[in-house]
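For reference, upload-v6.cif is printed below; it contains mmCIF, C-alpha atoms.
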```
data_target
loop_
_atom_site.label_atom_id
_atom_site.label_comp_id
_atom_site.auth_asym_id
_atom_site.auth_seq_id
_atom_site.Cartn_x
_atom_site.Cartn_y
_atom_site.Cartn_z
CA MET N 1 -8.86 -9.80 -50.20
CA ALA N 2 -8.91 -12.79 -47.86
CA VAL N 3 -12.13 -13.55 -46.02
CA PRO N 4 -11.61 -12.74 -42.31
CA HIS N 5 -11.72 -15.62 -39.84
CA SER N 6 -14.99 -15.98 -37.92
CA PHE N 7 -12.94 -15.50 -34.73
CA THR N 8 -11.90 -12.07 -35.97
CA ILE N 9 -15.37 -11.03 -37.14
CA ARG N 10 -17.05 -12.01 -33.87
CA LEU N 11 -14.37 -10.44 -31.72
CA ILE N 12 -14.59 -7.05 -33.48
CA ALA N 13 -18.40 -7.03 -33.30
CA TRP N 14 -18.30 -7.88 -29.58
CA GLN N 15 -15.69 -5.28 -28.74
CA LYS N 16 -17.65 -2.48 -30.38
CA VAL N 17 -20.71 -3.30 -28.28
CA ALA N 18 -19.42 -4.83 -25.04
CA GLY N 19 -15.70 -4.04 -24.83
CA ARG N 20 -13.97 -1.41 -22.71
CA HIS N 21 -14.13 2.11 -24.14
CA ASP N 22 -13.47 4.48 -21.22
CA LEU N 23 -10.03 3.60 -19.88
CA PRO N 24 -7.82 6.70 -19.33
CA TRP N 25 -5.50 5.80 -22.22
CA GLN N 26 -8.27 5.13 -24.74
CA ASN N 27 -9.90 7.55 -27.20
CA THR N 28 -6.55 9.06 -28.09
CA ARG N 29 -3.99 8.71 -30.87
CA ASP N 30 -1.22 10.11 -28.67
CA PRO N 31 1.55 7.48 -28.91
CA TYR N 32 3.14 8.71 -25.66
CA ARG N 33 0.02 7.99 -23.61
CA ILE N 34 -0.59 4.69 -25.37
CA TRP N 35 3.04 3.58 -24.93
CA LEU N 36 3.05 4.57 -21.25
CA SER N 37 -0.11 2.56 -20.59
CA GLU N 38 1.22 -0.49 -22.43
CA ILE N 39 4.44 -0.50 -20.40
CA MET N 40 2.56 -0.04 -17.11
CA LEU N 41 0.09 -2.80 -17.98
CA GLN N 42 2.83 -5.39 -18.43
CA GLN N 43 2.43 -7.85 -15.54
CA THR N 44 0.05 -5.40 -13.81
CA GLN N 45 -3.75 -5.19 -13.68
CA VAL N 46 -5.74 -2.22 -14.96
CA ALA N 47 -7.15 -1.27 -11.55
CA THR N 48 -3.62 -0.98 -10.15
CA VAL N 49 -2.28 0.94 -13.13
CA VAL N 50 -4.94 3.69 -13.41
CA PRO N 51 -3.85 5.87 -10.45
CA TYR N 52 -0.15 5.43 -11.30
CA TYR N 53 -0.83 6.37 -14.92
CA GLN N 54 -2.70 9.52 -13.93
CA ARG N 55 -0.01 10.63 -11.44
CA PHE N 56 2.73 9.87 -13.94
CA LEU N 57 1.08 11.99 -16.65
CA ALA N 58 0.55 14.86 -14.22
CA SER N 59 4.32 15.00 -13.61
CA PHE N 60 5.55 13.94 -17.07
CA PRO N 61 2.87 15.09 -19.55
CA ASP N 62 4.85 14.25 -22.69
CA VAL N 63 7.89 12.37 -23.88
CA ALA N 64 10.13 15.45 -23.68
CA ALA N 65 9.22 16.01 -20.02
CA LEU N 66 9.93 12.37 -19.22
CA ALA N 67 13.27 12.43 -21.05
CA ALA N 68 14.36 15.57 -19.18
CA ALA N 69 13.38 14.26 -15.73
CA PRO N 70 15.99 12.75 -13.39
CA ILE N 71 15.77 8.97 -13.21
CA GLU N 72 15.24 9.21 -9.42
CA ALA N 73 11.97 11.11 -10.00
CA VAL N 74 10.81 8.54 -12.54
CA ILE N 75 11.59 5.65 -10.19
CA GLU N 76 9.76 7.36 -7.31
CA HIS N 77 6.63 7.72 -9.45
CA TRP N 78 6.92 4.02 -10.29
CA ALA N 79 7.42 2.85 -6.70
CA GLY N 80 4.88 0.15 -5.86
CA LEU N 81 4.25 -0.98 -9.47
CA GLY N 82 7.12 -3.48 -9.35
CA TYR N 83 9.29 -4.78 -12.21
CA TYR N 84 11.41 -1.63 -11.94
CA ALA N 85 13.42 -2.36 -15.08
CA ARG N 86 10.29 -1.12 -16.89
CA ALA N 87 10.74 2.34 -15.38
CA ARG N 88 14.44 2.49 -16.23
CA ASN N 89 13.74 1.39 -19.81
CA LEU N 90 10.86 3.86 -20.04
CA HIS N 91 13.24 6.69 -19.20
CA ARG N 92 15.92 5.45 -21.61
CA CYS N 93 13.33 5.04 -24.35
CA ALA N 94 12.03 8.60 -23.86
CA GLN N 95 15.57 9.95 -24.06
CA GLN N 96 16.23 7.99 -27.25
CA ILE N 97 13.00 9.21 -28.86
CA VAL N 98 14.00 12.80 -28.11
CA ALA N 99 17.66 12.41 -29.13
CA VAL N 100 17.29 10.15 -32.18
CA HIS N 101 13.73 10.71 -33.39
CA ALA N 102 13.33 14.45 -32.62
CA GLY N 103 10.70 13.70 -29.98
CA LYS N 104 8.42 11.82 -32.40
CA PHE N 105 7.49 8.17 -31.96
CA PRO N 106 8.29 5.93 -34.93
CA LYS N 107 5.07 4.84 -36.65
CA SER N 108 5.88 1.23 -37.51
CA SER N 109 6.09 -1.71 -35.14
CA GLU N 110 9.41 -2.66 -36.80
CA GLN N 111 10.94 0.67 -35.71
CA LEU N 112 9.24 0.77 -32.32
CA VAL N 113 10.61 -2.63 -31.34
CA GLU N 114 14.14 -1.27 -31.69
CA LEU N 115 13.58 1.11 -28.77
CA PRO N 116 14.54 0.21 -25.16
CA GLY N 117 11.92 -1.78 -23.26
CA ILE N 118 9.56 -2.25 -26.22
CA GLY N 119 8.99 -5.86 -27.22
CA ARG N 120 7.23 -7.18 -30.29
CA SER N 121 3.74 -7.25 -28.77
CA THR N 122 4.02 -3.81 -27.15
CA ALA N 123 5.33 -2.35 -30.41
CA ALA N 124 2.35 -3.78 -32.26
CA ALA N 125 -0.12 -2.38 -29.73
CA VAL N 126 1.35 1.13 -29.94
CA ALA N 127 1.47 0.97 -33.76
CA ALA N 128 -2.15 -0.23 -33.92
CA PHE N 129 -3.69 2.20 -31.44
CA ALA N 130 -1.62 5.29 -32.31
CA PHE N 131 -1.12 4.84 -36.04
CA GLY N 132 -3.69 2.24 -37.19
CA GLN N 133 -0.96 -0.15 -38.31
CA ARG N 134 -1.94 -3.76 -38.95
CA ALA N 135 0.26 -5.67 -36.49
CA ALA N 136 -0.29 -8.64 -34.19
CA ILE N 137 -0.11 -8.53 -30.40
CA LEU N 138 0.65 -11.58 -28.28
CA ASP N 139 0.82 -10.83 -24.56
CA GLY N 140 -0.09 -13.29 -21.82
CA ASN N 141 -3.82 -12.65 -22.04
CA VAL N 142 -3.85 -13.10 -25.81
CA LYS N 143 -1.85 -16.33 -25.58
CA ARG N 144 -4.45 -17.67 -23.15
CA VAL N 145 -7.34 -16.72 -25.47
CA LEU N 146 -5.70 -18.32 -28.52
CA CYS N 147 -4.58 -21.48 -26.70
CA ARG N 148 -8.05 -22.10 -25.35
CA HIS N 149 -9.98 -21.18 -28.46
CA PHE N 150 -7.86 -23.14 -30.93
CA GLY N 151 -6.77 -25.93 -28.57
CA ILE N 152 -3.05 -25.10 -28.72
CA GLU N 153 -1.09 -27.68 -26.71
CA GLY N 154 2.18 -27.09 -24.86
CA PHE N 155 3.58 -24.32 -22.68
CA PRO N 156 3.24 -20.98 -24.56
CA GLY N 157 6.72 -19.89 -23.43
CA ALA N 158 8.34 -22.82 -25.24
CA ALA N 159 9.93 -21.67 -28.51
CA PRO N 160 7.95 -23.95 -30.89
CA VAL N 161 4.63 -23.05 -29.26
CA ASP N 162 5.54 -19.36 -29.23
CA ARG N 163 6.33 -19.46 -32.96
CA ALA N 164 3.05 -21.23 -33.71
CA LEU N 165 1.10 -18.66 -31.68
CA TRP N 166 2.74 -15.74 -33.53
CA GLN N 167 1.87 -17.33 -36.87
CA LEU N 168 -1.72 -17.82 -35.73
CA ALA N 169 -1.95 -14.26 -34.39
CA GLU N 170 -0.69 -12.86 -37.71
CA SER N 171 -3.16 -14.98 -39.69
CA LEU N 172 -6.15 -13.66 -37.71
CA LEU N 173 -5.45 -9.95 -38.32
CA PRO N 174 -8.30 -8.07 -40.00
CA GLU N 175 -7.80 -5.85 -43.03
CA SER N 176 -9.58 -3.02 -41.21
CA ASP N 177 -10.80 -2.26 -37.65
CA ILE N 178 -7.37 -3.15 -36.28
CA GLU N 179 -7.96 -0.97 -33.21
CA ALA N 180 -11.23 -2.70 -32.28
CA TYR N 181 -9.71 -6.11 -32.94
CA THR N 182 -6.60 -5.43 -30.85
CA GLN N 183 -8.62 -3.94 -28.01
CA GLY N 184 -11.05 -6.84 -28.25
CA LEU N 185 -8.27 -9.36 -27.66
CA MET N 186 -7.15 -7.40 -24.61
CA ASP N 187 -10.69 -7.02 -23.30
CA LEU N 188 -11.61 -10.66 -23.80
CA GLY N 189 -8.52 -11.90 -21.97
CA ALA N 190 -8.89 -9.40 -19.12
CA THR N 191 -12.64 -9.63 -18.50
CA LEU N 192 -13.99 -12.98 -19.76
CA CYS N 193 -11.25 -15.47 -20.69
CA THR N 194 -9.50 -15.00 -17.36
CA ARG N 195 -6.96 -17.41 -15.89
CA GLY N 196 -9.32 -18.59 -13.16
CA ARG N 197 -13.10 -18.88 -13.52
CA PRO N 198 -13.48 -17.85 -17.17
CA ARG N 199 -16.95 -16.51 -17.96
CA CYS N 200 -17.60 -18.70 -20.98
CA GLY N 201 -21.35 -18.06 -20.88
CA TYR N 202 -20.73 -14.43 -21.87
CA CYS N 203 -17.99 -15.09 -24.44
CA PRO N 204 -18.79 -14.23 -28.07
CA LEU N 205 -16.40 -16.96 -29.23
CA ALA N 206 -17.57 -19.80 -26.96
CA ALA N 207 -19.43 -21.70 -29.69
CA GLU N 208 -16.16 -22.43 -31.54
CA CYS N 209 -13.83 -22.65 -28.52
CA VAL N 210 -12.02 -25.97 -28.10
CA ALA N 211 -11.43 -25.50 -24.35
CA CYS N 212 -15.08 -24.62 -23.74
CA ARG N 213 -16.29 -27.55 -25.86
CA ASP N 214 -14.04 -30.06 -24.13
CA GLY N 215 -14.13 -28.60 -20.62
CA ARG N 216 -10.37 -27.91 -20.69
CA GLN N 217 -10.34 -24.28 -19.53
CA GLY N 218 -8.21 -25.27 -16.54
CA GLU N 219 -5.68 -27.15 -18.70
CA LEU N 220 -5.17 -24.62 -21.49
CA PRO N 221 -2.83 -22.93 -21.82
CA GLN N 222 -0.45 -25.45 -20.31
CA ALA N 223 1.28 -24.17 -17.20
CA LYS N 224 5.00 -23.54 -17.10
CA PRO N 225 6.89 -26.57 -15.75
CA ARG N 226 7.52 -25.85 -12.08
CA LYS N 227 10.97 -25.35 -10.64
CA ALA N 228 11.91 -24.99 -7.00
CA VAL N 229 11.75 -21.31 -6.04
CA PRO N 230 15.00 -20.17 -4.39
CA GLU N 231 14.71 -18.78 -0.87
CA ARG N 232 16.76 -15.80 0.28
CA SER N 233 16.98 -13.91 3.53
CA SER N 234 18.33 -10.47 4.33
CA SER N 235 18.41 -8.04 7.26
CA PHE N 236 17.27 -4.45 6.78
CA VAL N 237 18.37 -1.90 9.35
CA LEU N 238 15.73 0.74 10.05
CA ILE N 239 17.80 3.51 11.59
CA SER N 240 15.70 6.15 13.33
CA ASP N 241 16.41 9.27 15.37
CA GLY N 242 12.82 9.19 16.64
CA GLN N 243 11.49 11.52 13.95
CA ARG N 244 13.25 10.37 10.79
CA LEU N 245 14.45 7.22 9.07
CA LEU N 246 17.77 6.84 7.29
CA LEU N 247 17.23 5.48 3.77
CA GLU N 248 19.79 4.54 1.15
CA ARG N 249 19.31 4.81 -2.62
CA ARG N 250 19.98 1.52 -4.40
CA PRO N 251 22.27 1.30 -7.45
CA PRO N 252 20.47 2.01 -10.76
CA SER N 253 20.36 -1.65 -11.82
CA GLY N 254 19.47 -4.78 -9.92
CA LEU N 255 16.81 -5.42 -7.31
CA TRP N 256 14.82 -2.24 -6.53
CA GLY N 257 17.22 -0.26 -8.70
CA GLY N 258 17.10 3.46 -7.99
CA LEU N 259 14.67 3.17 -5.07
CA LEU N 260 15.16 4.16 -1.44
CA VAL N 261 15.49 1.34 1.09
CA PRO N 262 16.87 0.97 4.62
CA PRO N 263 20.54 -0.10 4.64
CA GLU N 264 20.86 -3.84 4.11
CA GLY N 265 23.17 -6.12 6.11
CA GLU N 266 23.99 -7.15 9.64
CA PRO N 267 23.07 -4.28 12.01
CA ALA N 268 26.50 -4.09 13.67
CA ASP N 269 28.25 -3.94 10.29
CA VAL N 270 25.84 -1.31 8.91
CA LEU N 271 26.14 0.91 12.00
CA ALA N 272 29.93 0.62 11.99
CA ARG N 273 30.08 1.51 8.29
CA LEU N 274 27.95 4.59 8.86
CA GLY N 275 29.71 5.59 12.07
CA LEU N 276 26.50 5.51 14.10
CA HIS N 277 26.04 4.51 17.74
CA VAL N 278 22.83 2.76 18.62
CA THR N 279 20.92 3.73 21.78
CA GLU N 280 18.26 1.04 21.45
CA GLN N 281 17.87 -1.94 19.12
CA ARG N 282 15.06 -4.43 18.60
CA GLU N 283 14.00 -6.93 15.99
CA LEU N 284 10.67 -6.44 14.21
CA THR N 285 8.48 -9.19 12.80
CA PRO N 286 10.07 -10.78 9.70
CA PHE N 287 7.94 -11.42 6.62
CA LYS N 288 8.24 -12.91 3.14
CA HIS N 289 7.93 -11.15 -0.20
CA VAL N 290 7.62 -13.13 -3.43
CA PHE N 291 9.48 -11.94 -6.51
CA THR N 292 9.28 -13.48 -9.97
CA HIS N 293 12.30 -15.75 -9.48
CA PHE N 294 12.75 -16.05 -5.73
CA ARG N 295 11.23 -15.54 -2.27
CA LEU N 296 12.84 -13.06 0.08
CA THR N 297 12.49 -13.13 3.86
CA LEU N 298 12.95 -9.61 5.17
CA GLN N 299 14.35 -9.47 8.69
CA PRO N 300 13.90 -5.89 9.94
CA VAL N 301 15.86 -4.51 12.86
CA LEU N 302 14.92 -1.12 14.32
CA CYS N 303 17.89 0.85 15.61
CA GLU N 304 17.44 4.10 17.52
CA VAL N 305 20.35 6.54 17.28
CA ALA N 306 21.06 9.95 18.77
CA THR N 307 19.44 12.85 16.94
CA SER N 308 22.70 14.75 16.55
CA GLN N 309 24.39 12.01 14.55
CA ALA N 310 24.83 12.68 10.84
CA CYS N 311 25.89 10.58 7.87
CA ALA N 312 27.91 12.02 5.02
CA GLU N 313 27.93 8.97 2.73
CA PRO N 314 26.48 9.68 -0.74
CA GLY N 315 23.09 8.15 -1.43
CA LEU N 316 21.87 8.42 2.16
CA GLU N 317 18.79 10.46 3.02
CA TRP N 318 17.05 11.21 6.31
CA VAL N 319 13.29 11.12 5.66
CA GLU N 320 10.50 11.97 8.09
CA ILE N 321 8.92 8.74 9.36
CA ALA N 322 5.42 9.99 8.49
CA LYS N 323 6.48 10.62 4.87
CA ALA N 324 8.91 7.76 4.36
CA ALA N 325 6.33 5.25 3.06
CA ASP N 326 5.60 7.61 0.14
CA ALA N 327 9.24 8.52 -0.60
CA GLY N 328 9.80 6.20 -3.55
CA VAL N 329 10.28 2.92 -1.71
CA PRO N 330 9.38 -0.60 -2.93
CA THR N 331 6.21 -2.26 -1.65
CA PRO N 332 7.75 -4.59 0.99
CA ILE N 333 9.84 -1.74 2.40
CA ARG N 334 6.69 0.34 2.68
CA LYS N 335 5.35 -2.39 4.98
CA LEU N 336 8.46 -2.18 7.15
CA ILE N 337 8.20 1.60 7.40
CA ARG N 338 4.58 1.35 8.46
CA GLN N 339 5.65 -0.99 11.26
CA VAL N 340 8.05 1.70 12.45
CA ALA N 341 5.46 4.46 12.06
CA SER N 342 2.96 2.46 14.13
CA ALA N 343 5.55 1.88 16.84
CA ALA N 344 6.32 5.61 16.91
CA ASP N 345 2.67 6.67 17.35
#
```

Encoding of this model in structure tokens:
Amino acid sequence: MAVPHSFTIRLIAWQKVAGRHDLPWQNTRDPYRIWLSEIMLQQTQVATVVPYYQRFLASFPDVAALAAAPIEAVIEHWAGLGYYARARNLHRCAQQIVAVHAGKFPKSSEQLVELPGIGRSTAAAVAAFAFGQRAAILDGNVKRVLCRHFGIEGFPGAAPVDRALWQLAESLLPESDIEAYTQGLMDLGATLCTRGRPRCGYCPLAAECVACRDGRQGELPQAKPRKAVPERSSSFVLISDGQRLLLERRPPSGLWGGLLVPPEGEPADVLARLGLHVTEQRELTPFKHVFTHFRLTLQPVLCEVATSQACAEPGLEWVEIAKAADAGVPTPIRKLIRQVASAAD
């Protein structure tokens, strides 16, 4: 048996004493709960995830319940977490587990990675925490820890660097205590070896860390080469009868897929398409929202229409203004709705 690396030994010892042990998805071998938490935690901090995770489990307590739910309900429970492809893949994955695997999660990372929305690192985490399988994780936090500790040069997203990091991650795996080791990597990256202001004085690995030794915490890992961020602009028509807002469900794929939003487009065109006659119209304050690959300027226009007017187009829903912000809408649209709600008070 190979002698474990000192990095591995110290990390496991630290996690058992000082790591996180009371998160809602810990202290369980239930692969459904572990998988759900791993998907939610992609690109999202723990403090944000916890209430979503608890609400999600209350409505969809197991994989069969999630598979049987309509996608609209799943999307509404996800509203505000962002990266909505995760929710669509979550639903598809649950349906595949029920249809192909008789409702049982595969136990190996090799099988898990074949499921929708489960990448190599997520598959390894589920396999380790649910089934004790010896598999390497390599999410953004772990890449940062390894780059700093071992002095890995280059942008981690570049293919050669990514391959080197996977080889390193595999070589550090312990023969036992895989759960404590895996959790330790997550804990270290989330609580001590953070992107800004790492707490090196508390780190159990600082004595052997290249970045700490050389004062290069701000340089490692190397940042992604910057590209100009595209700018987009779009008008959103907040149609109100004084008590309700007219919202439109987006197509399943694409930006805000499956969520409710005000109709998008030039107000005159939108109103003509819907056969509505405006009684009062005014522009609200525009604002920017930053997505992963572009910046969007939202230009809201509030249009009052007569109460008696109805719309028969599929996908349209009248929602009470007071409840609209919680009706499964994306975060920037929630801000727009609150502007309307404030104006109506």

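Under the PyMOL selection byres ((chain N and resi 256) around 10), the matching residues in the shown file are Ile75, Ala79, Gly82, Tyr83, Tyr84, Ala85, Arg249, Arg250, Pro251, Pro252, Ser253, Gly254, Leu255, Gly257, Gly258, Leu259, Leu260, Val261, Val329, Pro330 and Thr331 of chain N.
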
Seminar exercise, completed: note - atom CA of Gly117 of chain N and atom CA of Leu138 of chain N are separated by 15.8 Å

For this session: Identify, on the basis of all atoms listed in the file, every residue whose closest approach to Ala102 of chain N does not exceed 10 Å; exclude the query and any residue fewer than 6 positions from it along the same chain; express the result as an NGL selection string.
Result: :N and (64 or 95-96)

For this session: Figure out the distance between atom CA of Ala123 of chain N and atom CA of Ser109 of chain N, please, to one decimal in Å.
Result: 4.8 Å

For this session: Just give me the gap between atom CA of Phe60 of chain N and atom CA of Trp25 of chain N in Å, one decimal is fine.
Result: 14.7 Å

Problem set entry | Answer key for the PyMOL selection byres ((chain N and resi 159-173) around 10), residues as JSON, numbers by chain | {"N": [4, 5, 6, 7, 8, 9, 121, 134, 135, 136, 137, 138, 142, 143, 146, 147, 150, 152, 153, 154, 155, 156, 157, 158, 174, 175, 176, 177, 178, 181, 182]}

Would you save the residues of that selection, restricted to C-alpha atoms, as a compact mmCIF listing (two decimals), keeping the file's coordinate frame?
```
# COMPACT_ATOMS: atom_id res chain seq x y z
CA PRO N 4 -11.61 -12.74 -42.31
CA HIS N 5 -11.72 -15.62 -39.84
CA SER N 6 -14.99 -15.98 -37.92
CA PHE N 7 -12.94 -15.50 -34.73
CA THR N 8 -11.90 -12.07 -35.97
CA ILE N 9 -15.37 -11.03 -37.14
CA SER N 121 3.74 -7.25 -28.77
CA ARG N 134 -1.94 -3.76 -38.95
CA ALA N 135 0.26 -5.67 -36.49
CA ALA N 136 -0.29 -8.64 -34.19
CA ILE N 137 -0.11 -8.53 -30.40
CA LEU N 138 0.65 -11.58 -28.28
CA VAL N 142 -3.85 -13.10 -25.81
CA LYS N 143 -1.85 -16.33 -25.58
CA LEU N 146 -5.70 -18.32 -28.52
CA CYS N 147 -4.58 -21.48 -26.70
CA PHE N 150 -7.86 -23.14 -30.93
CA ILE N 152 -3.05 -25.10 -28.72
CA GLU N 153 -1.09 -27.68 -26.71
CA GLY N 154 2.18 -27.09 -24.86
CA PHE N 155 3.58 -24.32 -22.68
CA PRO N 156 3.24 -20.98 -24.56
CA GLY N 157 6.72 -19.89 -23.43
CA ALA N 158 8.34 -22.82 -25.24
CA PRO N 174 -8.30 -8.07 -40.00
CA GLU N 175 -7.80 -5.85 -43.03
CA SER N 176 -9.58 -3.02 -41.21
CA ASP N 177 -10.80 -2.26 -37.65
CA ILE N 178 -7.37 -3.15 -36.28
CA TYR N 181 -9.71 -6.11 -32.94
CA THR N 182 -6.60 -5.43 -30.85
```

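Within 8 Å of the file-frame point (19.9, -6.5, -0.3), and using all atoms listed in the file, the polymer residues found are Ser234, Ser235, Phe236, Leu255, Glu264 and Gly265 of chain N.
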
For this session: Just the residues within 9 Å of Cys209 of chain N, please, counting all atoms listed in the file, with nothing from its chain fewer than 6 positions along; format it as a PyMOL selection string.
Result: chain N and resi 148-151

Near segment 32-53 of chain N, 9 Å: segment 60-99 of chain N residue rows, closest pairs, all atoms listed in the file, as a tab-separated table:
```
residue	atom	partner	partner_atom	distance
N:Pro61	CA	N:Arg33	CA	8.7
N:Asp62	CA	N:Tyr32	CA	6.5
N:Val63	CA	N:Tyr32	CA	6.3
N:His77	CA	N:Tyr52	CA	7.4
N:Trp78	CA	N:Tyr52	CA	7.3
N:Leu81	CA	N:Thr44	CA	7.5
N:Gly82	CA	N:Thr44	CA	8.6
N:Tyr83	CA	N:Gln43	CA	8.2
N:Arg86	CA	N:Ile39	CA	6.9
N:Ala87	CA	N:Ile39	CA	8.5
N:Leu90	CA	N:Ile39	CA	7.8
```

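Among the candidates N:Leu245, N:Asn89, N:Glu283, N:Val237, the one nearest to Leu271 of chain N when counting only C-alpha atoms is N:Val237.
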
Problem set entry | Residues within 12 Å of (7.3, -17.7, 0.1), file coords, only C-alpha atoms, listed as JSON, numbers by chain | {"N": [228, 229, 230, 231, 232, 233, 287, 288, 289, 290, 291, 292, 293, 294, 295, 296, 297, 298]}

Distance table requested - segment 156-262 of chain N against segment 16-24 of chain N, cut-off 8 Å, all atoms listed in the file: one row per qualifying residue with the closest atom pair and its distance in Å to one decimal, ordered by chain and rising residue number, as a Markdown table.
```
| residue | atom | partner | partner_atom | distance |
| --- | --- | --- | --- | --- |
| N:Ala180 | CA | N:Lys16 | CA | 6.7 |
| N:Gln183 | CA | N:Gly19 | CA | 7.8 |
| N:Gly184 | CA | N:Gly19 | CA | 6.4 |
| N:Asp187 | CA | N:Gly19 | CA | 6.0 |
| N:Leu188 | CA | N:Gly19 | CA | 7.8 |
```

Problem set entry | Selection result of the PyMOL selection byres ((chain N and resi 65) around 12) on this file, as a ChimeraX atom specification | /N:32,56-64,66-71,73-74,91,94-95,97-98,103

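Restricting the calculation to only C-alpha atoms, the smallest distance between Phe131 of chain N and any of N:Pro204, N:Pro31, N:Gly315, N:Pro198 is found for N:Pro31.
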
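Minimum distance to Glu179 of chain N across N:Asn141, N:Gln54, N:Gln133, N:Gln217 (counting only C-alpha atoms) occurs at N:Gln133.
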